[in-house]
file input.pdb (PDB, C-alpha atoms, pLDDT in the B column)
ATOM      1  CA  MET I   9       5.427  -7.947  10.825  1.00 44.00           C
ATOM      2  CA  ASP I  10       8.502  -7.076  12.912  1.00 47.00           C
ATOM      3  CA  VAL I  11      11.549  -6.587  10.711  1.00 46.00           C
ATOM      4  CA  LEU I  12      13.889  -6.602  13.714  1.00 45.00           C
ATOM      5  CA  LEU I  13      12.843 -10.130  14.684  1.00 46.00           C
ATOM      6  CA  LEU I  14      12.968 -11.465  11.159  1.00 48.00           C
ATOM      7  CA  ILE I  15      16.560 -10.627  10.394  1.00 48.00           C
ATOM      8  CA  PRO I  16      18.458 -12.992  12.734  1.00 50.00           C
ATOM      9  CA  ASN I  17      16.433 -15.984  11.528  1.00 51.00           C
ATOM     10  CA  PHE I  18      15.612 -15.442   7.880  1.00 52.00           C
ATOM     11  CA  CYS I  19      17.226 -14.119   4.748  1.00 67.00           C
ATOM     12  CA  TYR I  20      14.091 -12.183   3.816  1.00 69.00           C
ATOM     13  CA  GLY I  21      12.261  -9.490   5.760  1.00 74.00           C
ATOM     14  CA  TYR I  22       8.913  -8.034   4.699  1.00 77.00           C
ATOM     15  CA  ALA I  23       7.352  -5.047   6.443  1.00 85.00           C
ATOM     16  CA  GLN I  24       3.784  -4.414   5.347  1.00 84.00           C
ATOM     17  CA  LEU I  25       0.765  -2.133   5.845  1.00 86.00           C
ATOM     18  CA  ILE I  26       2.725   1.116   6.034  1.00 92.00           C
ATOM     19  CA  PHE I  27       0.383   4.093   5.671  1.00 90.00           C
ATOM     20  CA  SER I  28       2.444   6.983   7.071  1.00 92.00           C
ATOM     21  CA  LEU I  29       5.919   8.493   7.079  1.00 94.00           C
ATOM     22  CA  ALA I  30       6.245   8.021  10.838  1.00 93.00           C
ATOM     23  CA  ARG I  31       5.504   4.313  10.529  1.00 93.00           C
ATOM     24  CA  TYR I  32       7.865   3.995   7.572  1.00 95.00           C
ATOM     25  CA  GLU I  33      10.693   5.653   9.501  1.00 96.00           C
ATOM     26  CA  SER I  34      10.195   3.223  12.395  1.00 94.00           C
ATOM     27  CA  VAL I  35      10.361   0.303   9.929  1.00 94.00           C
ATOM     28  CA  ILE I  36      13.640   1.595   8.475  1.00 96.00           C
ATOM     29  CA  ASP I  37      15.109   2.046  11.942  1.00 95.00           C
ATOM     30  CA  ALA I  38      14.030  -1.483  12.917  1.00 92.00           C
ATOM     31  CA  TYR I  39      15.699  -2.864   9.794  1.00 93.00           C
ATOM     32  CA  LEU I  40      18.969  -1.042  10.500  1.00 95.00           C
ATOM     33  CA  ASP I  41      18.815  -2.074  14.173  1.00 93.00           C
ATOM     34  CA  GLY I  42      18.287  -5.664  13.100  1.00 91.00           C
ATOM     35  CA  LEU I  43      21.285  -5.627  10.786  1.00 92.00           C
ATOM     36  CA  GLU I  44      23.484  -4.179  13.504  1.00 94.00           C
ATOM     37  CA  VAL I  45      22.560  -6.818  16.097  1.00 90.00           C
ATOM     38  CA  SER I  46      22.003  -9.772  13.752  1.00 87.00           C
ATOM     39  CA  GLY I  47      25.343 -11.426  14.405  1.00 84.00           C
ATOM     40  CA  LEU I  48      25.594 -12.387  10.733  1.00 83.00           C
ATOM     41  CA  SER I  49      29.090 -12.341   9.320  1.00 84.00           C
ATOM     42  CA  ASP I  50      27.734 -11.742   5.827  1.00 88.00           C
ATOM     43  CA  LEU I  51      24.960  -9.149   5.752  1.00 91.00           C
ATOM     44  CA  SER I  52      24.471  -9.641   2.016  1.00 89.00           C
ATOM     45  CA  ARG I  53      22.370 -12.690   2.939  1.00 83.00           C
ATOM     46  CA  VAL I  54      19.600 -10.377   4.144  1.00 87.00           C
ATOM     47  CA  THR I  55      17.043  -8.936   1.707  1.00 86.00           C
ATOM     48  CA  SER I  56      14.076  -6.836   2.712  1.00 88.00           C
ATOM     49  CA  VAL I  57      11.305  -4.632   1.355  1.00 88.00           C
ATOM     50  CA  ALA I  58       9.000  -2.128   3.042  1.00 92.00           C
ATOM     51  CA  SER I  59       5.479  -2.114   1.591  1.00 90.00           C
ATOM     52  CA  PHE I  60       4.146   1.457   1.480  1.00 93.00           C
ATOM     53  CA  LEU I  61       0.443   1.690   0.617  1.00 90.00           C
ATOM     54  CA  VAL I  62      -0.516   4.445  -1.805  1.00 90.00           C
ATOM     55  CA  SER I  63      -4.073   4.608  -3.174  1.00 86.00           C
ATOM     56  CA  GLN I  64      -5.770   3.661   0.091  1.00 83.00           C
ATOM     57  CA  VAL I  65      -4.503   6.891   1.620  1.00 85.00           C
ATOM     58  CA  ASP I  66      -6.682   8.894  -0.757  1.00 82.00           C
ATOM     59  CA  ILE I  67      -9.722   6.988   0.479  1.00 77.00           C
ATOM     60  CA  LEU I  68      -9.056   8.167   4.017  1.00 73.00           C
ATOM     61  CA  VAL I  69      -8.473  11.868   3.437  1.00 74.00           C
ATOM     62  CA  ASP I  70     -10.879  14.694   2.651  1.00 60.00           C
ATOM     63  CA  LYS I  71     -12.571  14.231  -0.743  1.00 62.00           C
ATOM     64  CA  MET I  72     -11.270  17.597  -1.931  1.00 57.00           C
ATOM     65  CA  LEU I  73      -7.705  16.318  -1.676  1.00 65.00           C
ATOM     66  CA  GLU I  74      -8.169  13.016  -3.451  1.00 66.00           C
ATOM     67  CA  LYS I  75      -5.736  12.275  -6.267  1.00 72.00           C
ATOM     68  CA  ILE I  76      -2.976  14.393  -4.712  1.00 81.00           C
ATOM     69  CA  ALA I  77      -2.521  13.403  -1.056  1.00 90.00           C
ATOM     70  CA  ALA I  78      -1.398   9.802  -1.565  1.00 91.00           C
ATOM     71  CA  ASN I  79       1.201  10.524  -4.225  1.00 93.00           C
ATOM     72  CA  ALA I  80       2.482  13.511  -2.241  1.00 94.00           C
ATOM     73  CA  GLN I  81       3.120  11.317   0.784  1.00 94.00           C
ATOM     74  CA  ALA I  82       4.704   8.638  -1.401  1.00 95.00           C
ATOM     75  CA  ALA I  83       7.120  11.214  -2.841  1.00 96.00           C
ATOM     76  CA  LEU I  84       8.117  12.210   0.692  1.00 97.00           C
ATOM     77  CA  ALA I  85       8.512   8.547   1.629  1.00 97.00           C
ATOM     78  CA  TYR I  86      11.153   8.263  -1.079  1.00 96.00           C
ATOM     79  CA  GLN I  87      12.899  11.338   0.311  1.00 97.00           C
ATOM     80  CA  LEU I  88      12.978   9.585   3.679  1.00 97.00           C
ATOM     81  CA  TYR I  89      14.385   6.466   2.008  1.00 96.00           C
ATOM     82  CA  GLN I  90      17.226   8.509   0.541  1.00 96.00           C
ATOM     83  CA  LYS I  91      17.950  10.229   3.841  1.00 96.00           C
ATOM     84  CA  LYS I  92      18.068   7.004   5.828  1.00 96.00           C
ATOM     85  CA  PHE I  93      19.831   4.719   3.370  1.00 96.00           C
ATOM     86  CA  PHE I  94      22.448   7.111   2.077  1.00 94.00           C
ATOM     87  CA  GLY I  95      23.642   8.331   5.469  1.00 93.00           C
ATOM     88  CA  PRO I  96      26.676   7.264   7.532  1.00 94.00           C
ATOM     89  CA  ARG I  97      24.800   4.622   9.533  1.00 95.00           C
ATOM     90  CA  SER I  98      23.573   2.788   6.460  1.00 95.00           C
ATOM     91  CA  GLU I  99      26.838   3.193   4.572  1.00 94.00           C
ATOM     92  CA  ALA I 100      28.713   1.539   7.452  1.00 94.00           C
ATOM     93  CA  LEU I 101      26.437  -1.492   7.080  1.00 96.00           C
ATOM     94  CA  VAL I 102      26.816  -1.509   3.288  1.00 95.00           C
ATOM     95  CA  LYS I 103      30.563  -1.959   3.790  1.00 93.00           C
ATOM     96  CA  LYS I 104      29.696  -5.215   5.575  1.00 93.00           C
ATOM     97  CA  GLY I 105      27.599  -6.367   2.626  1.00 94.00           C
ATOM     98  CA  ALA I 106      24.196  -5.039   3.732  1.00 95.00           C
ATOM     99  CA  LYS I 107      21.535  -4.263   1.150  1.00 92.00           C
ATOM    100  CA  LYS I 108      19.290  -1.252   1.335  1.00 93.00           C
ATOM    101  CA  GLN I 109      15.732  -2.136   2.280  1.00 93.00           C
ATOM    102  CA  ARG I 110      13.798  -1.503  -0.908  1.00 90.00           C
ATOM    103  CA  LEU I 111      10.692   0.640  -0.950  1.00 91.00           C
ATOM    104  CA  LEU I 112       7.724  -1.201  -2.423  1.00 89.00           C
ATOM    105  CA  TRP I 113       4.677   0.674  -3.731  1.00 89.00           C
ATOM    106  CA  ALA I 114       1.600  -1.279  -2.687  1.00 86.00           C
ATOM    107  CA  SER I 115      -2.048  -0.586  -3.491  1.00 85.00           C
ATOM    108  CA  THR I 116      -1.358   1.168  -6.788  1.00 84.00           C
ATOM    109  CA  SER I 117      -4.745   0.370  -8.311  1.00 81.00           C
ATOM    110  CA  ILE I 118      -7.296   3.182  -8.565  1.00 82.00           C
ATOM    111  CA  LYS I 119     -10.330   3.010  -6.290  1.00 78.00           C
ATOM    112  CA  ASN I 120     -12.342   5.631  -8.197  1.00 80.00           C
ATOM    113  CA  PRO I 121     -13.125   4.694 -11.832  1.00 81.00           C
ATOM    114  CA  ALA I 122     -13.073   8.384 -12.760  1.00 82.00           C
ATOM    115  CA  TYR I 123      -9.329   8.529 -12.101  1.00 84.00           C
ATOM    116  CA  PRO I 124      -6.652   7.805 -14.740  1.00 86.00           C
ATOM    117  CA  ASP I 125      -5.533   4.169 -14.725  1.00 84.00           C
ATOM    118  CA  THR I 126      -1.909   5.099 -14.088  1.00 88.00           C
ATOM    119  CA  LEU I 127      -2.591   7.701 -11.372  1.00 89.00           C
ATOM    120  CA  TYR I 128      -0.580   5.766  -8.778  1.00 88.00           C
ATOM    121  CA  VAL I 129       2.005   4.417 -11.217  1.00 87.00           C
ATOM    122  CA  THR I 130       3.361   7.201 -13.419  1.00 90.00           C
ATOM    123  CA  PRO I 131       4.247   9.661 -10.589  1.00 92.00           C
ATOM    124  CA  LEU I 132       6.155   7.016  -8.613  1.00 90.00           C
ATOM    125  CA  VAL I 133       8.776   5.894 -11.127  1.00 89.00           C
ATOM    126  CA  VAL I 134      12.270   5.867  -9.639  1.00 89.00           C
ATOM    127  CA  PRO I 135      15.181   3.385  -9.528  1.00 86.00           C
ATOM    128  CA  SER I 136      15.503   0.864  -6.702  1.00 83.00           C
ATOM    129  CA  THR I 137      11.795   0.781  -5.848  1.00 86.00           C
ATOM    130  CA  VAL I 138       9.377  -2.047  -6.549  1.00 81.00           C
ATOM    131  CA  SER I 139       5.867  -2.273  -7.937  1.00 74.00           C
ATOM    132  CA  HIS I 140       4.596  -5.766  -7.583  1.00 57.00           C
ATOM    133  CA  LEU I 141       2.640  -8.859  -8.309  1.00 42.00           C
ATOM    134  CA  PHE I 142       1.855 -11.115  -5.376  1.00 42.00           C
ATOM    135  CA  ILE I 143       2.811 -14.756  -5.801  1.00 39.00           C
ATOM    136  CA  LEU I 144       2.750 -17.236  -2.949  1.00 36.00           C
ATOM    137  CA  THR I 145       5.823 -19.415  -3.080  1.00 34.00           C
ATOM    138  CA  VAL I 146       8.125 -21.515  -0.942  1.00 34.00           C
ATOM    139  CA  VAL I 147      11.737 -20.513  -0.453  1.00 36.00           C
ATOM    140  CA  VAL I 148      14.610 -22.185   1.358  1.00 36.00           C
ATOM    141  CA  GLY I 149      16.867 -19.641   3.020  1.00 38.00           C
ATOM    142  CA  CYS I 150      19.262 -19.629   5.959  1.00 39.00           C
ATOM    143  CA  GLY I 151      18.250 -23.165   6.827  1.00 37.00           C
ATOM    144  CA  HIS I 152      14.547 -22.315   7.073  1.00 37.00           C
ATOM    145  CA  VAL I 153      11.628 -23.071   4.801  1.00 34.00           C
ATOM    146  CA  PHE I 154       8.950 -20.398   4.839  1.00 33.00           C
ATOM    147  CA  TYR I 155       6.228 -18.848   2.722  1.00 34.00           C
ATOM    148  CA  PHE I 156       6.598 -15.322   1.547  1.00 36.00           C
ATOM    149  CA  LEU I 157       5.239 -12.959  -1.078  1.00 36.00           C
ATOM    150  CA  TYR I 158       7.618 -12.911  -4.008  1.00 40.00           C
ATOM    151  CA  PHE I 159       7.830  -9.547  -5.660  1.00 41.00           C
ATOM    152  CA  LEU I 160       8.358  -8.998  -9.368  1.00 39.00           C
ATOM    153  CA  GLU I 161       9.997  -5.842 -10.606  1.00 38.00           C
ATOM    154  CA  PHE I 162       7.698  -3.409 -12.332  1.00 37.00           C
ATOM    155  CA  ILE I 163       6.817  -4.772 -15.810  1.00 37.00           C
ATOM    156  CA  LEU I 164       9.696  -7.322 -15.758  1.00 40.00           C
ATOM    157  CA  ASN I 165       8.365 -10.610 -17.159  1.00 39.00           C
ATOM    158  CA  VAL I 166       4.894  -9.687 -15.976  1.00 40.00           C
ATOM    159  CA  HIS I 167       3.065 -11.171 -18.965  1.00 39.00           C
ATOM    160  CA  ILE I 168       4.806 -14.515 -18.548  1.00 35.00           C
ATOM    161  CA  TYR I 169       3.786 -14.805 -14.915  1.00 38.00           C
ATOM    162  CA  ARG I 170       0.237 -13.725 -15.573  1.00 41.00           C
ATOM    163  CA  LEU I 171      -0.263 -16.746 -17.789  1.00 39.00           C
ATOM    164  CA  PHE I 172      -0.044 -18.814 -14.607  1.00 38.00           C
ATOM    165  CA  PHE I 173      -1.242 -16.320 -11.994  1.00 37.00           C
ATOM    166  CA  PRO I 174      -3.886 -14.166 -13.733  1.00 38.00           C
ATOM    167  CA  HIS I 175      -5.557 -12.887 -10.546  1.00 35.00           C
ATOM    168  CA  VAL I 176      -2.657 -11.977  -8.253  1.00 36.00           C
ATOM    169  CA  SER I 177      -1.646  -8.508  -9.406  1.00 39.00           C
ATOM    170  CA  THR I 178      -2.314  -5.377  -7.367  1.00 54.00           C
ATOM    171  CA  MET I 179      -1.646  -3.385 -10.542  1.00 62.00           C
ATOM    172  CA  PRO I 180      -4.637  -3.971 -12.853  1.00 62.00           C
ATOM    173  CA  ASP I 181      -4.050  -5.076 -16.429  1.00 67.00           C
ATOM    174  CA  GLN I 182      -5.547  -1.851 -17.754  1.00 71.00           C
ATOM    175  CA  ALA I 183      -3.110   0.254 -15.720  1.00 73.00           C
ATOM    176  CA  LEU I 184      -0.128  -1.725 -16.944  1.00 73.00           C
ATOM    177  CA  GLN I 185      -1.337  -1.623 -20.542  1.00 77.00           C
ATOM    178  CA  ALA I 186      -2.043   2.107 -20.300  1.00 79.00           C
ATOM    179  CA  PHE I 187       1.464   2.718 -19.019  1.00 81.00           C
ATOM    180  CA  ILE I 188       2.954   0.691 -21.855  1.00 80.00           C
ATOM    181  CA  ASP I 189       0.751   2.434 -24.439  1.00 84.00           C
ATOM    182  CA  HIS I 190       1.262   6.095 -23.605  1.00 81.00           C
ATOM    183  CA  ASP I 191       3.746   6.545 -20.768  1.00 82.00           C
ATOM    184  CA  THR I 192       7.523   6.439 -20.736  1.00 78.00           C
ATOM    185  CA  VAL I 193       9.895   5.012 -18.172  1.00 81.00           C
ATOM    186  CA  ALA I 194      11.420   8.130 -16.675  1.00 86.00           C
ATOM    187  CA  ARG I 195      12.220   9.232 -13.149  1.00 91.00           C
ATOM    188  CA  THR I 196       9.205  11.182 -11.896  1.00 93.00           C
ATOM    189  CA  ILE I 197       8.954  10.844  -8.128  1.00 93.00           C
ATOM    190  CA  ASP I 198      11.146  13.777  -7.147  1.00 92.00           C
ATOM    191  CA  LEU I 199      10.202  16.244  -9.873  1.00 93.00           C
ATOM    192  CA  ASN I 200       8.015  18.268  -7.479  1.00 91.00           C
ATOM    193  CA  VAL I 201       9.199  17.557  -3.947  1.00 95.00           C
ATOM    194  CA  SER I 202       8.408  21.074  -2.701  1.00 95.00           C
ATOM    195  CA  GLU I 203       4.852  20.715  -3.998  1.00 94.00           C
ATOM    196  CA  ALA I 204       4.521  17.369  -2.241  1.00 94.00           C
ATOM    197  CA  GLU I 205       5.681  18.948   1.014  1.00 95.00           C
ATOM    198  CA  GLY I 206       3.116  21.718   0.595  1.00 93.00           C
ATOM    199  CA  ILE I 207       0.278  19.251   0.050  1.00 90.00           C
ATOM    200  CA  TYR I 208       1.394  17.142   3.001  1.00 90.00           C
ATOM    201  CA  ASN I 209       1.483  20.149   5.336  1.00 90.00           C
ATOM    202  CA  ALA I 210      -1.832  21.491   3.986  1.00 86.00           C
ATOM    203  CA  LEU I 211      -3.599  18.378   5.204  1.00 82.00           C
ATOM    204  CA  GLU I 212      -2.636  19.101   8.798  1.00 80.00           C
ATOM    205  CA  LYS I 213      -3.867  22.691   8.506  1.00 81.00           C
ATOM    206  CA  LEU I 214      -7.217  21.378   7.285  1.00 80.00           C
ATOM    207  CA  GLY I 215      -7.494  19.173  10.352  1.00 78.00           C
ATOM    208  CA  ILE I 216      -6.639  15.904   8.608  1.00 77.00           C
ATOM    209  CA  HIS I 217      -3.883  14.445  10.761  1.00 77.00           C
ATOM    210  CA  TRP I 218      -1.356  12.053   9.271  1.00 80.00           C
ATOM    211  CA  SER I 219      -1.117  10.221  12.589  1.00 76.00           C
ATOM    212  CA  HIS I 220      -4.786   9.294  12.169  1.00 74.00           C
ATOM    213  CA  VAL I 221      -4.347   8.322   8.519  1.00 72.00           C
ATOM    214  CA  GLY I 222      -1.359   6.179   9.416  1.00 67.00           C
ATOM    215  CA  SER I 223      -3.193   4.287  12.104  1.00 66.00           C
TER     216      SER I 223
END

call {"tool": "encode", "arguments": {"input": "input.pdb", "output": "C-alpha cells"}}
result
Amino acid sequence: MDVLLLIPNFCYGYAQLIFSLARYESVIDAYLDGLEVSGLSDLSRVTSVASFLVSQVDILVDKMLEKIAANAQAALAYQLYQKKFFGPRSEALVKKGAKKQRLLWASTSIKNPAYPDTLYVTPLVVPSTVSHLFILTVVVGCGHVFYFLYFLEFILNVHIYRLFFPHVSTMPDQALQAFIDHDTVARTIDLNVSEAEGIYNALEKLGIHWSHVGS
C-alpha cells in the first residue's frame, strides 16, 4: 500500500508487509513526502502506522540464527524510527500538527512451539509503538468511507474486544497471558542496540542478505 497516495485523500495511512530496514526507511520517506505535498492545512488529521513483521524473518534466515535475527532487526527498526522522526524534517512537520507515523509490530506470534511464548513481545516493549489485534471496521474520515484494520494498543482493553472477536489477534492468548503472568512493562527494545547491530551485520557475513529477506 502506497502511503504517499493515501495521505491526500484519507485521514489514515497503513503501510504493511515491511520485512527489512531498507523497505521501512522508504515507507517513512514516503510518509514524510506525502505530508509535505498533501496540501492539508491541518496535518493533525493524518494518522498512520507502518507494520513491521517480526517472527516471519526468523523463518527466512539460517536456522542457527533463529530467535535472534528478527528481534535484532526490529531493534534497529526502532533506531531508524527515532532517527527519522526526531530530526529537523519531521520536527518541521510536527509544528504544522503532523503526527509521527507509529511503528507497529506485526507477526509477533511464535512459529516454533519450542520457543518462549513472549519471544517476540518482551524484547520489543517501548513507548509509541503498537502491538495489535486486527478488527475489520468502517470509518468515516475526510469525507470518505473506507475499510481499514483498526489497531488496539498492546493489552489495552484486549479482553473486552476478544469477547466479540475471539479469532482476530496476531498475538496468541497464551503469549498475552504469559506476559501478564511473569513479565513487566518496561522499556526493553534499546537495551542492547550494539548487540543487535552485531547480529544484523553477522548475517551478511554468513551470506544471508537482508535485501533477499526483505523481498

call {"tool": "resolve_selection", "arguments": {"input": "input.pdb", "expression": "the PyMOL selection byres ((chain I and resi 125) around 12)", "output": "PDB file with C-alpha atoms, in the frame of the given file"}}
result
ATOM      1  CA  SER I  63      -4.073   4.608  -3.174  1.00 86.00           C
ATOM      2  CA  LYS I  75      -5.736  12.275  -6.267  1.00 72.00           C
ATOM      3  CA  THR I 116      -1.358   1.168  -6.788  1.00 84.00           C
ATOM      4  CA  SER I 117      -4.745   0.370  -8.311  1.00 81.00           C
ATOM      5  CA  ILE I 118      -7.296   3.182  -8.565  1.00 82.00           C
ATOM      6  CA  LYS I 119     -10.330   3.010  -6.290  1.00 78.00           C
ATOM      7  CA  ASN I 120     -12.342   5.631  -8.197  1.00 80.00           C
ATOM      8  CA  PRO I 121     -13.125   4.694 -11.832  1.00 81.00           C
ATOM      9  CA  ALA I 122     -13.073   8.384 -12.760  1.00 82.00           C
ATOM     10  CA  TYR I 123      -9.329   8.529 -12.101  1.00 84.00           C
ATOM     11  CA  PRO I 124      -6.652   7.805 -14.740  1.00 86.00           C
ATOM     12  CA  THR I 126      -1.909   5.099 -14.088  1.00 88.00           C
ATOM     13  CA  LEU I 127      -2.591   7.701 -11.372  1.00 89.00           C
ATOM     14  CA  TYR I 128      -0.580   5.766  -8.778  1.00 88.00           C
ATOM     15  CA  VAL I 129       2.005   4.417 -11.217  1.00 87.00           C
ATOM     16  CA  THR I 130       3.361   7.201 -13.419  1.00 90.00           C
ATOM     17  CA  PRO I 131       4.247   9.661 -10.589  1.00 92.00           C
ATOM     18  CA  MET I 179      -1.646  -3.385 -10.542  1.00 62.00           C
ATOM     19  CA  PRO I 180      -4.637  -3.971 -12.853  1.00 62.00           C
ATOM     20  CA  ASP I 181      -4.050  -5.076 -16.429  1.00 67.00           C
ATOM     21  CA  GLN I 182      -5.547  -1.851 -17.754  1.00 71.00           C
ATOM     22  CA  ALA I 183      -3.110   0.254 -15.720  1.00 73.00           C
ATOM     23  CA  LEU I 184      -0.128  -1.725 -16.944  1.00 73.00           C
ATOM     24  CA  GLN I 185      -1.337  -1.623 -20.542  1.00 77.00           C
ATOM     25  CA  ALA I 186      -2.043   2.107 -20.300  1.00 79.00           C
ATOM     26  CA  PHE I 187       1.464   2.718 -19.019  1.00 81.00           C
ATOM     27  CA  ILE I 188       2.954   0.691 -21.855  1.00 80.00           C
ATOM     28  CA  ASP I 189       0.751   2.434 -24.439  1.00 84.00           C
ATOM     29  CA  HIS I 190       1.262   6.095 -23.605  1.00 81.00           C
ATOM     30  CA  ASP I 191       3.746   6.545 -20.768  1.00 82.00           C
TER      31      ASP I 191
END

call {"tool": "atom_distance", "arguments": {"input": "input.pdb", "atom1": "atom CA of I:His217", "atom2": "atom CA of I:Phe94"}}
result
28.7 Å

call {"tool": "residues_near_point", "arguments": {"input": "input.pdb", "point": "(7.9, -3.7, 4.0)", "cutoff": "10 Å", "atoms": "only C-alpha atoms", "output": "PyMOL selection string"}}
result
chain I and resi 9-11+21-26+32+35-36+39+56-61+109-114

call {"tool": "atom_distance", "arguments": {"input": "input.pdb", "atom1": "atom CA of I:Val133", "atom2": "atom CA of I:Ala30"}}
result
22.2 Å

call {"tool": "resolve_selection", "arguments": {"input": "input.pdb", "expression": "the PyMOL selection byres ((chain I and resi 93) around 10)", "output": "list in words"}}
result
Ile36, Leu40, Leu88, Tyr89, Gln90, Lys91, Lys92, Phe94, Gly95, Pro96, Arg97, Ser98, Glu99, Leu101, Val102, Lys107, Lys108, Gln109 and Arg110 of chain I

call {"tool": "closest_residue", "arguments": {"input": "input.pdb", "among": "I:Ala38, I:Val65, I:Val134, I:Ala100", "to": "I:Ala77", "atoms": "all atoms listed in the file"}}
result
I:Val65

call {"tool": "resolve_selection", "arguments": {"input": "input.pdb", "expression": "the PyMOL selection byres ((chain I and resi 207) around 12)", "output": "number ranges by chain"}}
result
I: 69, 72-84, 200-206, 208-214, 216, 218

call {"tool": "closest_residue", "arguments": {"input": "input.pdb", "among": "I:Ala194, I:Val54, I:Leu68, I:Val62", "to": "I:Val221", "atoms": "only C-alpha atoms"}}
result
I:Leu68

call {"tool": "atom_distance", "arguments": {"input": "input.pdb", "atom1": "atom CA of I:Leu51", "atom2": "atom CA of I:Gly105"}}
result
4.9 Å
